[in-house]
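This is work.txt (compact mmCIF, C-alpha atoms).
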```
# COMPACT_ATOMS: atom_id res chain seq x y z
CA MET A 1 0.00 0.00 0.00
CA ASP A 2 1.33 3.44 -0.97
CA VAL A 3 0.56 6.44 1.23
CA ARG A 4 1.26 10.08 0.38
CA VAL A 5 1.95 12.33 3.39
CA ALA A 6 1.99 16.08 2.75
CA THR A 7 2.32 19.38 4.55
CA PHE A 8 0.97 22.68 3.25
CA ASN A 9 1.04 26.13 4.81
CA ALA A 10 -2.05 27.35 2.97
CA GLU A 11 -2.03 30.80 4.59
CA LEU A 12 -5.81 30.74 4.94
CA ASP A 13 -5.77 32.88 8.07
CA ARG A 14 -8.16 35.81 8.04
CA LYS A 15 -8.29 39.09 9.99
CA GLY A 16 -11.25 38.15 12.17
CA PRO A 17 -13.09 35.13 13.56
CA GLY A 18 -15.65 33.53 11.26
CA LEU A 19 -14.28 35.12 8.10
CA LEU A 20 -12.63 31.95 6.85
CA LEU A 21 -15.91 30.05 7.18
CA ARG A 22 -17.70 32.85 5.34
CA ASP A 23 -15.17 32.73 2.51
CA ILE A 24 -15.33 28.93 2.20
CA LEU A 25 -19.13 28.89 2.09
CA SER A 26 -19.24 31.67 -0.47
CA GLY A 27 -17.63 29.40 -3.05
CA THR A 28 -16.18 32.46 -4.79
CA ASP A 29 -12.94 33.14 -2.91
CA PRO A 30 -10.06 32.74 -5.42
CA GLN A 31 -7.46 31.81 -2.81
CA ILE A 32 -9.59 29.06 -1.29
CA ALA A 33 -10.40 27.73 -4.77
CA ALA A 34 -6.68 27.67 -5.54
CA VAL A 35 -5.82 25.86 -2.30
CA LEU A 36 -8.48 23.24 -3.02
CA THR A 37 -7.11 22.77 -6.54
CA VAL A 38 -3.55 22.29 -5.26
CA ILE A 39 -4.68 19.64 -2.78
CA ALA A 40 -6.98 17.87 -5.25
CA THR A 41 -4.20 17.82 -7.84
CA THR A 42 -1.49 16.42 -5.56
CA LYS A 43 -3.89 13.99 -3.83
CA PRO A 44 -2.29 13.48 -0.41
CA ASP A 45 -3.68 10.67 1.74
CA ILE A 46 -2.60 12.44 4.92
CA LEU A 47 -2.29 16.23 4.99
CA THR A 48 -1.12 18.63 7.66
CA LEU A 49 -2.55 22.06 6.97
CA GLN A 50 -1.02 25.18 8.50
CA GLY A 51 -2.35 28.73 8.46
CA PHE A 52 -5.96 27.59 8.90
CA ASP A 53 -8.12 29.56 11.34
CA HIS A 54 -9.58 27.49 14.15
CA ASP A 55 -13.11 27.71 15.50
CA VAL A 56 -14.28 25.71 18.49
CA GLU A 57 -16.89 23.64 16.64
CA ARG A 58 -14.68 23.21 13.55
CA HIS A 59 -17.26 24.68 11.18
CA ALA A 60 -14.59 26.04 8.83
CA LEU A 61 -12.72 22.74 8.71
CA THR A 62 -15.91 20.78 8.04
CA ALA A 63 -16.85 23.16 5.25
CA PHE A 64 -13.35 22.87 3.79
CA GLN A 65 -13.55 19.06 3.85
CA SER A 66 -16.87 19.22 2.03
CA ALA A 67 -15.47 21.57 -0.60
CA LEU A 68 -12.48 19.29 -1.07
CA ALA A 69 -14.74 16.26 -1.49
CA ASP A 70 -16.65 18.19 -4.15
CA ARG A 71 -13.33 18.46 -6.00
CA GLY A 72 -13.11 14.67 -6.02
CA HIS A 73 -10.59 14.23 -3.21
CA ALA A 74 -12.27 13.21 0.03
CA LEU A 75 -10.29 13.30 3.27
CA PRO A 76 -13.08 12.38 5.70
CA HIS A 77 -11.06 12.12 8.91
CA ALA A 78 -9.79 15.26 10.59
CA PHE A 79 -8.26 16.65 13.75
CA ALA A 80 -7.97 20.23 14.94
CA ALA A 81 -7.63 21.73 18.39
CA MET A 82 -7.34 25.17 19.88
CA PRO A 83 -3.86 26.48 19.03
CA ASN A 84 -1.71 28.85 21.03
CA ALA A 85 -2.00 31.39 18.21
CA GLY A 86 -3.96 34.35 19.52
CA LEU A 87 -4.51 32.76 22.94
CA PHE A 88 -4.93 35.67 25.38
CA THR A 89 -2.49 35.95 28.30
CA GLY A 90 -3.16 39.37 29.79
CA LEU A 91 0.60 39.93 30.12
CA ASP A 92 3.25 41.78 28.16
CA MET A 93 4.84 38.83 26.37
CA ASP A 94 7.11 40.72 23.97
CA GLY A 95 8.57 43.28 26.35
CA ASN A 96 7.31 46.42 24.62
CA GLY A 97 5.49 47.72 27.70
CA ARG A 98 1.98 47.13 26.34
CA THR A 99 -0.53 44.31 26.64
CA GLY A 100 -3.40 42.99 24.56
CA GLU A 101 -1.50 43.08 21.26
CA PRO A 102 -1.13 40.13 18.85
CA ARG A 103 2.39 39.39 20.15
CA ASP A 104 1.11 39.26 23.74
CA ALA A 105 -0.80 36.06 23.04
CA GLN A 106 0.80 32.66 23.65
CA GLY A 107 1.51 32.69 19.91
CA TYR A 108 1.09 35.57 17.50
CA GLY A 109 -2.55 36.17 16.60
CA ARG A 110 -5.13 38.93 16.33
CA PHE A 111 -7.76 36.59 17.77
CA THR A 112 -7.77 33.19 19.40
CA GLY A 113 -7.30 30.54 16.74
CA GLN A 114 -5.97 32.75 13.97
CA GLY A 115 -3.52 30.80 11.84
CA GLY A 116 -4.16 27.44 13.51
CA MET A 117 -3.52 23.96 12.15
CA ALA A 118 -5.48 20.92 11.03
CA VAL A 119 -4.83 17.35 9.96
CA LEU A 120 -6.91 15.75 7.20
CA SER A 121 -6.69 12.06 6.43
CA ARG A 122 -8.11 9.32 4.25
CA PHE A 123 -7.58 6.97 7.21
CA PRO A 124 -9.03 7.01 10.74
CA LEU A 125 -7.15 8.90 13.44
CA GLY A 126 -6.39 7.73 16.96
CA LYS A 127 -6.11 9.65 20.24
CA VAL A 128 -3.93 12.68 19.68
CA ARG A 129 -1.21 13.83 22.03
CA ASP A 130 -1.56 17.61 22.10
CA PHE A 131 1.53 19.37 23.45
CA SER A 132 0.16 22.90 23.03
CA GLY A 133 0.19 23.45 26.78
CA PHE A 134 3.81 22.33 27.20
CA LEU A 135 5.77 25.13 28.89
CA TRP A 136 8.94 26.40 27.31
CA THR A 137 10.72 26.25 30.67
CA ASP A 138 10.02 22.48 30.85
CA LEU A 139 11.97 21.64 27.69
CA PRO A 140 15.29 19.98 28.58
CA VAL A 141 18.32 21.94 27.35
CA ALA A 142 16.15 24.89 26.28
CA ILE A 143 17.69 28.25 25.37
CA PRO A 144 15.15 30.76 26.76
CA PRO A 145 15.53 34.50 26.15
CA THR A 146 17.10 36.65 28.84
CA ARG A 147 17.97 40.31 29.34
CA ASN A 148 20.62 41.38 31.86
CA GLY A 149 20.62 37.85 33.21
CA ALA A 150 16.87 37.81 33.96
CA PRO A 151 14.10 35.98 32.09
CA PHE A 152 12.72 38.00 29.17
CA PRO A 153 10.35 39.80 29.13
CA SER A 154 9.74 39.05 32.82
CA ALA A 155 9.82 36.10 35.18
CA GLU A 156 6.01 36.24 35.42
CA ALA A 157 5.58 36.13 31.65
CA PHE A 158 8.14 33.41 31.02
CA ALA A 159 6.62 31.24 33.76
CA ILE A 160 3.43 30.86 31.69
CA GLN A 161 5.06 30.95 28.24
CA ARG A 162 4.18 27.87 26.23
CA LEU A 163 6.77 26.47 23.85
CA SER A 164 4.50 26.06 20.82
CA SER A 165 3.70 29.25 18.97
CA VAL A 166 0.89 27.34 17.24
CA ALA A 167 0.92 23.68 18.32
CA HIS A 168 2.85 20.41 18.49
CA TRP A 169 0.73 17.29 17.89
CA ASP A 170 1.37 13.57 17.72
CA VAL A 171 -1.50 12.30 15.57
CA PRO A 172 -1.82 8.50 15.25
CA VAL A 173 -3.03 7.47 11.79
CA ARG A 174 -4.54 3.98 11.60
CA LEU A 175 -3.45 2.54 8.28
CA PRO A 176 -5.59 -0.33 6.93
CA ASN A 177 -4.00 -3.71 7.61
CA GLY A 178 -0.86 -1.95 8.70
CA PRO A 179 0.83 -0.07 11.53
CA VAL A 180 -0.27 3.03 13.35
CA LEU A 181 1.75 5.85 11.82
CA HIS A 182 2.54 8.67 14.25
CA LEU A 183 2.26 11.99 12.44
CA LEU A 184 4.34 14.60 14.29
CA THR A 185 3.24 18.03 13.13
CA PHE A 186 3.91 21.61 14.16
CA HIS A 187 4.20 25.19 12.90
CA ALA A 188 7.17 26.97 14.47
CA THR A 189 7.38 30.72 14.87
CA THR A 190 9.42 32.82 12.50
CA PRO A 191 12.92 33.38 13.93
CA VAL A 192 12.86 37.15 13.25
CA PHE A 193 10.78 40.23 14.20
CA ASP A 194 12.22 40.52 17.72
CA GLY A 195 15.06 42.34 19.51
CA ASP A 196 18.55 41.63 20.79
CA GLU A 197 17.13 39.06 23.19
CA ASP A 198 16.36 36.89 20.12
CA ARG A 199 13.11 35.66 21.63
CA ASN A 200 11.69 34.40 18.34
CA GLY A 201 14.99 32.92 17.18
CA ARG A 202 15.39 30.99 20.42
CA ARG A 203 11.78 29.86 20.43
CA ASN A 204 12.00 28.68 16.83
CA HIS A 205 15.14 26.72 17.74
CA ASP A 206 13.46 25.01 20.68
CA GLU A 207 10.21 24.30 18.81
CA ILE A 208 12.28 22.35 16.27
CA ALA A 209 14.37 20.69 18.99
CA PHE A 210 11.19 19.52 20.74
CA TRP A 211 10.80 16.52 18.42
CA GLN A 212 14.22 15.10 19.20
CA ARG A 213 13.59 15.50 22.93
CA TYR A 214 10.26 13.73 22.45
CA MET A 215 11.86 10.87 20.52
CA ASP A 216 14.55 10.63 23.20
CA GLY A 217 11.88 10.00 25.84
CA ALA A 218 13.17 13.07 27.71
CA LEU A 219 9.74 14.63 28.26
CA SER A 220 7.03 13.71 30.76
CA THR A 221 5.40 11.39 28.23
CA PRO A 222 6.90 8.31 26.55
CA ALA A 223 8.17 8.40 22.99
CA PRO A 224 5.73 7.14 20.33
CA ASP A 225 5.51 3.38 19.97
CA GLY A 226 5.63 2.78 16.23
CA PRO A 227 6.76 4.41 13.01
CA VAL A 228 6.81 8.21 12.93
CA ILE A 229 6.92 10.97 10.34
CA ILE A 230 7.47 14.69 10.93
CA ALA A 231 5.38 16.88 8.64
CA GLY A 232 5.19 20.58 9.31
CA VAL A 233 6.62 24.06 9.06
CA ALA A 234 9.94 24.65 10.82
CA ASN A 235 10.18 28.20 9.42
CA LEU A 236 13.93 27.73 9.14
CA ASP A 237 16.24 27.00 6.22
CA PRO A 238 19.39 24.97 6.97
CA THR A 239 21.62 27.05 4.70
CA LYS A 240 20.28 30.62 4.41
CA GLY A 241 18.39 33.35 6.22
CA ASP A 242 18.29 34.40 9.86
CA GLY A 243 17.74 31.98 12.71
CA ARG A 244 19.64 29.43 14.77
CA ARG A 245 20.21 26.92 11.99
CA ASP A 246 21.84 24.30 14.20
CA ALA A 247 18.33 23.20 15.29
CA ILE A 248 17.17 22.19 11.82
CA THR A 249 20.64 20.92 10.90
CA ARG A 250 20.61 18.51 13.84
CA LEU A 251 17.09 17.34 13.02
CA LEU A 252 17.96 16.66 9.38
CA ALA A 253 21.07 14.75 10.48
CA ASP A 254 19.26 12.68 13.12
CA PRO A 255 19.85 9.02 12.16
CA ARG A 256 16.32 8.12 13.23
CA PHE A 257 14.92 10.17 10.32
CA ASN A 258 15.34 10.20 6.58
CA ASP A 259 15.41 13.43 4.60
CA PRO A 260 14.17 12.45 1.11
CA GLU A 261 14.99 16.01 -0.04
CA PRO A 262 11.73 16.69 -1.95
CA ARG A 263 12.49 18.77 -5.03
CA HIS A 264 10.46 21.00 -7.33
CA THR A 265 8.16 19.19 -9.71
CA GLY A 266 8.47 21.55 -12.64
CA THR A 267 11.04 24.31 -12.23
CA THR A 268 14.57 24.24 -13.60
CA ALA A 269 16.06 25.08 -10.20
CA THR A 270 19.08 23.01 -9.22
CA GLY A 271 20.98 22.28 -6.02
CA ASN A 272 19.56 23.70 -2.81
CA ALA A 273 17.26 25.99 -4.80
CA SER A 274 15.24 22.98 -5.97
CA LEU A 275 14.48 22.18 -2.31
CA HIS A 276 12.88 25.55 -1.57
CA THR A 277 9.29 25.44 -0.31
CA VAL A 278 8.31 29.10 -0.11
CA ASP A 279 8.44 32.04 -2.50
CA TRP A 280 8.92 35.09 -0.28
CA PRO A 281 9.47 38.43 -2.02
CA GLU A 282 13.00 39.36 -3.03
CA PRO A 283 15.47 40.66 -2.09
CA ALA A 284 14.92 39.32 1.40
CA PRO A 285 14.30 36.70 2.48
CA GLY A 286 13.54 35.22 -0.97
CA ASP A 287 12.96 31.54 -1.68
CA MET A 288 13.79 29.21 1.21
CA ARG A 289 13.24 25.69 2.49
CA VAL A 290 11.02 25.94 5.55
CA SER A 291 8.49 23.07 5.25
CA TYR A 292 9.59 19.50 5.86
CA VAL A 293 8.34 15.92 5.63
CA LEU A 294 10.81 13.62 7.40
CA PRO A 295 9.86 9.93 7.69
CA ALA A 296 11.51 7.51 10.07
CA ARG A 297 14.49 5.83 8.46
CA THR A 298 12.74 2.47 8.88
CA LEU A 299 10.00 3.52 6.42
CA GLU A 300 10.28 2.84 2.69
CA VAL A 301 10.22 6.04 0.64
CA THR A 302 9.07 5.69 -2.98
CA GLY A 303 8.84 9.35 -3.98
CA ALA A 304 8.90 12.97 -2.81
CA GLY A 305 8.29 16.39 -4.27
CA VAL A 306 7.56 20.08 -3.84
CA PHE A 307 4.56 21.09 -5.95
CA TRP A 308 6.11 23.98 -7.85
CA PRO A 309 5.06 24.08 -11.53
CA ALA A 310 7.37 25.49 -14.17
CA GLU A 311 7.09 28.94 -15.71
CA GLY A 312 4.51 28.83 -18.47
CA ASP A 313 2.52 26.06 -16.79
CA PRO A 314 -1.04 27.37 -16.19
CA MET A 315 -1.01 25.64 -12.83
CA LEU A 316 1.71 28.03 -11.59
CA ASP A 317 -0.81 30.89 -11.39
CA THR A 318 -3.06 28.68 -9.26
CA VAL A 319 -0.18 27.75 -6.96
CA ASN A 320 0.81 31.40 -6.56
CA THR A 321 -2.79 32.39 -5.79
CA ALA A 322 -3.07 29.66 -3.16
CA SER A 323 -0.10 30.60 -0.98
CA ARG A 324 3.46 31.80 -0.94
CA HIS A 325 4.23 28.34 0.42
CA ARG A 326 4.27 25.14 -1.60
CA LEU A 327 2.76 21.77 -0.77
CA VAL A 328 5.47 19.23 0.07
CA TRP A 329 4.90 15.47 -0.01
CA VAL A 330 6.62 12.15 0.58
CA ASP A 331 5.30 8.80 -0.67
CA LEU A 332 5.65 5.78 1.61
CA ARG A 333 5.11 2.10 0.91
CA PHE A 334 3.74 -0.16 3.61
```
Mind turning this structure into structure tokens?
Amino acid sequence: MDVRVATFNAELDRKGPGLLLRDILSGTDPQIAAVLTVIATTKPDILTLQGFDHDVERHALTAFQSALADRGHALPHAFAAMPNAGLFTGLDMDGNGRTGEPRDAQGYGRFTGQGGMAVLSRFPLGKVRDFSGFLWTDLPVAIPPTRNGAPFPSAEAFAIQRLSSVAHWDVPVRLPNGPVLHLLTFHATTPVFDGDEDRNGRRNHDEIAFWQRYMDGALSTPAPDGPVIIAGVANLDPTKGDGRRDAITRLLADPRFNDPEPRHTGTTATGNASLHTVDWPEPAPGDMRVSYVLPARTLEVTGAGVFWPAEGDPMLDTVNTASRHRLVWVDLRF
């Protein structure tokens, strides 16, 4: 049995609660139509979706599943939970002397749930381990931000600061007549837009490092029992851009994982450029590799790719309308 696992930062976050549901139900939003086309064209069996606004009763996700099924690609099983994005704290979390701003939430967000995550699957899902509430201070060998030797922005703020800017989930996927595949997914913060304390850079580093600590059994919960695959947005390129690149470098070199190095499906890019997964405006930061699908080394990989059509391909306009990010997939054989 072949299974395609994909990750896609669809950037479907809106500026207010309920607006994503409105846009999905309208059936006329060009970005949503483009995102649906990208997914229906690449046909993942298991998809982690980032940049998707969360609502408590999952109305937007249900509507999105229905729209996707109408495109001929049904993913009937889904998981979503309240993310840290936009989760109110009441404290000054970025040290600018003000409260109640998007950066004062547990993770950046104008409202609770903005830019959340979801998992869609052709196969049933088991009980999810949700690490959204895991405190940054509880991560072994963490590198928290400080200023003048004291916790930044304050001891009170750092005491409640969660590690995940959006979420970290271990989602068991029950493959037919096969193993339970543990899908490890996350959406790390960008490592920039902070000050000399490097709060975002350090948090990005530790959000990536979380998975190795988890696999080591170094957290308060045991490591997953069975095959695993990381699929998510690290928001960090191993060779270019700002950020503490040793985090992603160590993860890619971890002997427990295999980096299939998914490459562009249609462009003429070569070398590291063919691995890029996002098209940010030039001159900075430009194209980078920030989304990853990393299966356990014990799993058989039969294919991998970054859905990036060539210039002149009509599908490229659709891909550009959908998101600055590209869908990344890895094919596994069980």
Pick out the closest residue to Arg147 in chain A from this set: A:Val180, A:Arg122, A:Pro224, A:Gly95. Count all atoms listed in the file. A:Gly95
Considering all atoms listed in the file, state which residue in the set A:Ala218, A:Val301, A:Val233, A:Ala40 is at the smallest distance from Ala167 in chain A.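 Checking each of A:Ala218, A:Val301, A:Val233, A:Ala40 against Ala167 in chain A, counting all atoms listed in the file, the winner is A:Val233.
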Can you tell me how far CA of Leu251 in chain A sits from CA of Gln212 in chain A, in Å to one decimal?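 Taking CA of Leu251 in chain A and CA of Gln212 in chain A, their separation equals 7.2 Å.
For the pair CA of Asp2 in chain A and CA of Asp331 in chain A, the interatomic distance is 6.7 Å.
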Kindly indicate which residue among A:Leu19, A:Ala157, A:Leu163, A:Leu181 lies nearest to Ile230 in chain A, using only C-alpha atoms for the distances. A:Leu181
Between A:Ala253, A:Leu299, A:Ile46, A:Leu125, which residue has the minimum interatomic distance to His73 in chain A, considering only C-alpha atoms?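 Of all the options, A:Ile46 lies closest to His73 in chain A.
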May I have the residues within 6 Å of range 75-91 of chain A as a ChimeraX atom specification, using only C-alpha atoms and disregarding those fewer than 5 positions away in the same chain? /A:99,105-114,116,118-122,124,165-167
Distance in Å - CA of Ala209 in chain A versus CA of Ala142 in chain A: 8.6 Å
Do you know which residues lie at most 10 Å from (-10.9, 32.1, 2.1), with coordinates as in the file and all atoms listed in the file counted, and could you write them as a ChimeraX atom specification? /A:11-14,19-35,52-53,60,64,322
Can you tell me, as a list of chain:residue names, what residues are no more than 10 Å from Ser220 in chain A when counting only C-alpha atoms, ignoring any on the same chain fewer than 3 positions away?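 Once the adjacent positions are removed, what remains is A:Phe134, A:Asp138, A:Leu139, A:Tyr214, A:Gly217, A:Ala223.
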Shortest interatomic distance to Trp280 in chain A - which of A:Asp104, A:Asn320, A:Gly97, A:Met215, counting only C-alpha atoms: A:Asn320
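Distance check against Thr318 in chain A using only C-alpha atoms: of A:Leu36, A:Leu219, A:Met117, A:Leu252, the minimum falls on A:Leu36.
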Would you mind listing what lies within 6 Å of range 303-313 of chain A as a list in words, with all atoms listed in the file counted and same-chain residues fewer than 2 positions away left out?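 Non-adjacent residues within range: Pro262, Arg263, His264, Thr265, Gly266, Thr267, Val301, Met315, Leu316, Arg326, Leu327, Val328, Trp329, Val330 and Asp331 of chain A.
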Cut-off 9 Å: closest range 207-287 of chain A/range 291-297 of chain A atom pairs per residue, using all atoms listed in the file, as JSON lines:
```
{"residue": "A:Pro227", "atom": "CA", "partner": "A:Ala296", "partner_atom": "CA", "distance": 6.4}
{"residue": "A:Val228", "atom": "CA", "partner": "A:Ala296", "partner_atom": "CA", "distance": 5.5}
{"residue": "A:Ile229", "atom": "CA", "partner": "A:Pro295", "partner_atom": "CA", "distance": 4.1}
{"residue": "A:Ile230", "atom": "CA", "partner": "A:Leu294", "partner_atom": "CA", "distance": 5.0}
{"residue": "A:Ala231", "atom": "CA", "partner": "A:Val293", "partner_atom": "CA", "distance": 4.3}
{"residue": "A:Gly232", "atom": "CA", "partner": "A:Tyr292", "partner_atom": "CA", "distance": 5.7}
{"residue": "A:Val233", "atom": "CA", "partner": "A:Ser291", "partner_atom": "CA", "distance": 4.4}
{"residue": "A:Ala234", "atom": "CA", "partner": "A:Ser291", "partner_atom": "CA", "distance": 6.0}
{"residue": "A:Asn235", "atom": "CA", "partner": "A:Ser291", "partner_atom": "CA", "distance": 6.8}
{"residue": "A:Leu236", "atom": "CA", "partner": "A:Ser291", "partner_atom": "CA", "distance": 8.2}
{"residue": "A:Asp237", "atom": "CA", "partner": "A:Ser291", "partner_atom": "CA", "distance": 8.7}
{"residue": "A:Leu252", "atom": "CA", "partner": "A:Leu294", "partner_atom": "CA", "distance": 8.0}
{"residue": "A:Pro255", "atom": "CA", "partner": "A:Arg297", "partner_atom": "CA", "distance": 7.3}
{"residue": "A:Arg256", "atom": "CA", "partner": "A:Arg297", "partner_atom": "CA", "distance": 5.6}
{"residue": "A:Phe257", "atom": "CA", "partner": "A:Ala296", "partner_atom": "CA", "distance": 4.3}
{"residue": "A:Asn258", "atom": "CA", "partner": "A:Arg297", "partner_atom": "CA", "distance": 4.8}
{"residue": "A:Asp259", "atom": "CA", "partner": "A:Leu294", "partner_atom": "CA", "distance": 5.4}
{"residue": "A:Pro260", "atom": "CA", "partner": "A:Leu294", "partner_atom": "CA", "distance": 7.2}
{"residue": "A:Glu261", "atom": "CA", "partner": "A:Tyr292", "partner_atom": "CA", "distance": 8.7}
{"residue": "A:Pro262", "atom": "CA", "partner": "A:Val293", "partner_atom": "CA", "distance": 8.3}
{"residue": "A:His276", "atom": "CA", "partner": "A:Ser291", "partner_atom": "CA", "distance": 8.5}
{"residue": "A:Thr277", "atom": "CA", "partner": "A:Ser291", "partner_atom": "CA", "distance": 6.1}
{"residue": "A:Val278", "atom": "CA", "partner": "A:Ser291", "partner_atom": "CA", "distance": 8.1}
```
Just the residues within 12 Å of range 201-204 of chain A, please, counting only C-alpha atoms, with nothing from its chain fewer than 5 positions along; format it as a CSV table (one decimal) with C-alpha atoms, in the frame of the given file.
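Wrote out-v5.csv, looks like this:
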```
chain,number,residue,atom,x,y,z
A,106,GLN,CA,0.8,32.7,23.6
A,107,GLY,CA,1.5,32.7,19.9
A,135,LEU,CA,5.8,25.1,28.9
A,136,TRP,CA,8.9,26.4,27.3
A,137,THR,CA,10.7,26.2,30.7
A,139,LEU,CA,12.0,21.6,27.7
A,141,VAL,CA,18.3,21.9,27.4
A,142,ALA,CA,16.2,24.9,26.3
A,143,ILE,CA,17.7,28.2,25.4
A,144,PRO,CA,15.2,30.8,26.8
A,145,PRO,CA,15.5,34.5,26.2
A,146,THR,CA,17.1,36.6,28.8
A,152,PHE,CA,12.7,38.0,29.2
A,158,PHE,CA,8.1,33.4,31.0
A,161,GLN,CA,5.1,31.0,28.2
A,162,ARG,CA,4.2,27.9,26.2
A,163,LEU,CA,6.8,26.5,23.8
A,164,SER,CA,4.5,26.1,20.8
A,165,SER,CA,3.7,29.2,19.0
A,166,VAL,CA,0.9,27.3,17.2
A,186,PHE,CA,3.9,21.6,14.2
A,187,HIS,CA,4.2,25.2,12.9
A,188,ALA,CA,7.2,27.0,14.5
A,189,THR,CA,7.4,30.7,14.9
A,190,THR,CA,9.4,32.8,12.5
A,191,PRO,CA,12.9,33.4,13.9
A,192,VAL,CA,12.9,37.2,13.2
A,193,PHE,CA,10.8,40.2,14.2
A,194,ASP,CA,12.2,40.5,17.7
A,195,GLY,CA,15.1,42.3,19.5
A,196,ASP,CA,18.6,41.6,20.8
A,209,ALA,CA,14.4,20.7,19.0
A,210,PHE,CA,11.2,19.5,20.7
A,233,VAL,CA,6.6,24.1,9.1
A,234,ALA,CA,9.9,24.6,10.8
A,235,ASN,CA,10.2,28.2,9.4
A,236,LEU,CA,13.9,27.7,9.1
A,237,ASP,CA,16.2,27.0,6.2
A,241,GLY,CA,18.4,33.4,6.2
A,242,ASP,CA,18.3,34.4,9.9
A,243,GLY,CA,17.7,32.0,12.7
A,244,ARG,CA,19.6,29.4,14.8
A,245,ARG,CA,20.2,26.9,12.0
A,246,ASP,CA,21.8,24.3,14.2
A,247,ALA,CA,18.3,23.2,15.3
A,248,ILE,CA,17.2,22.2,11.8
A,290,VAL,CA,11.0,25.9,5.6
```
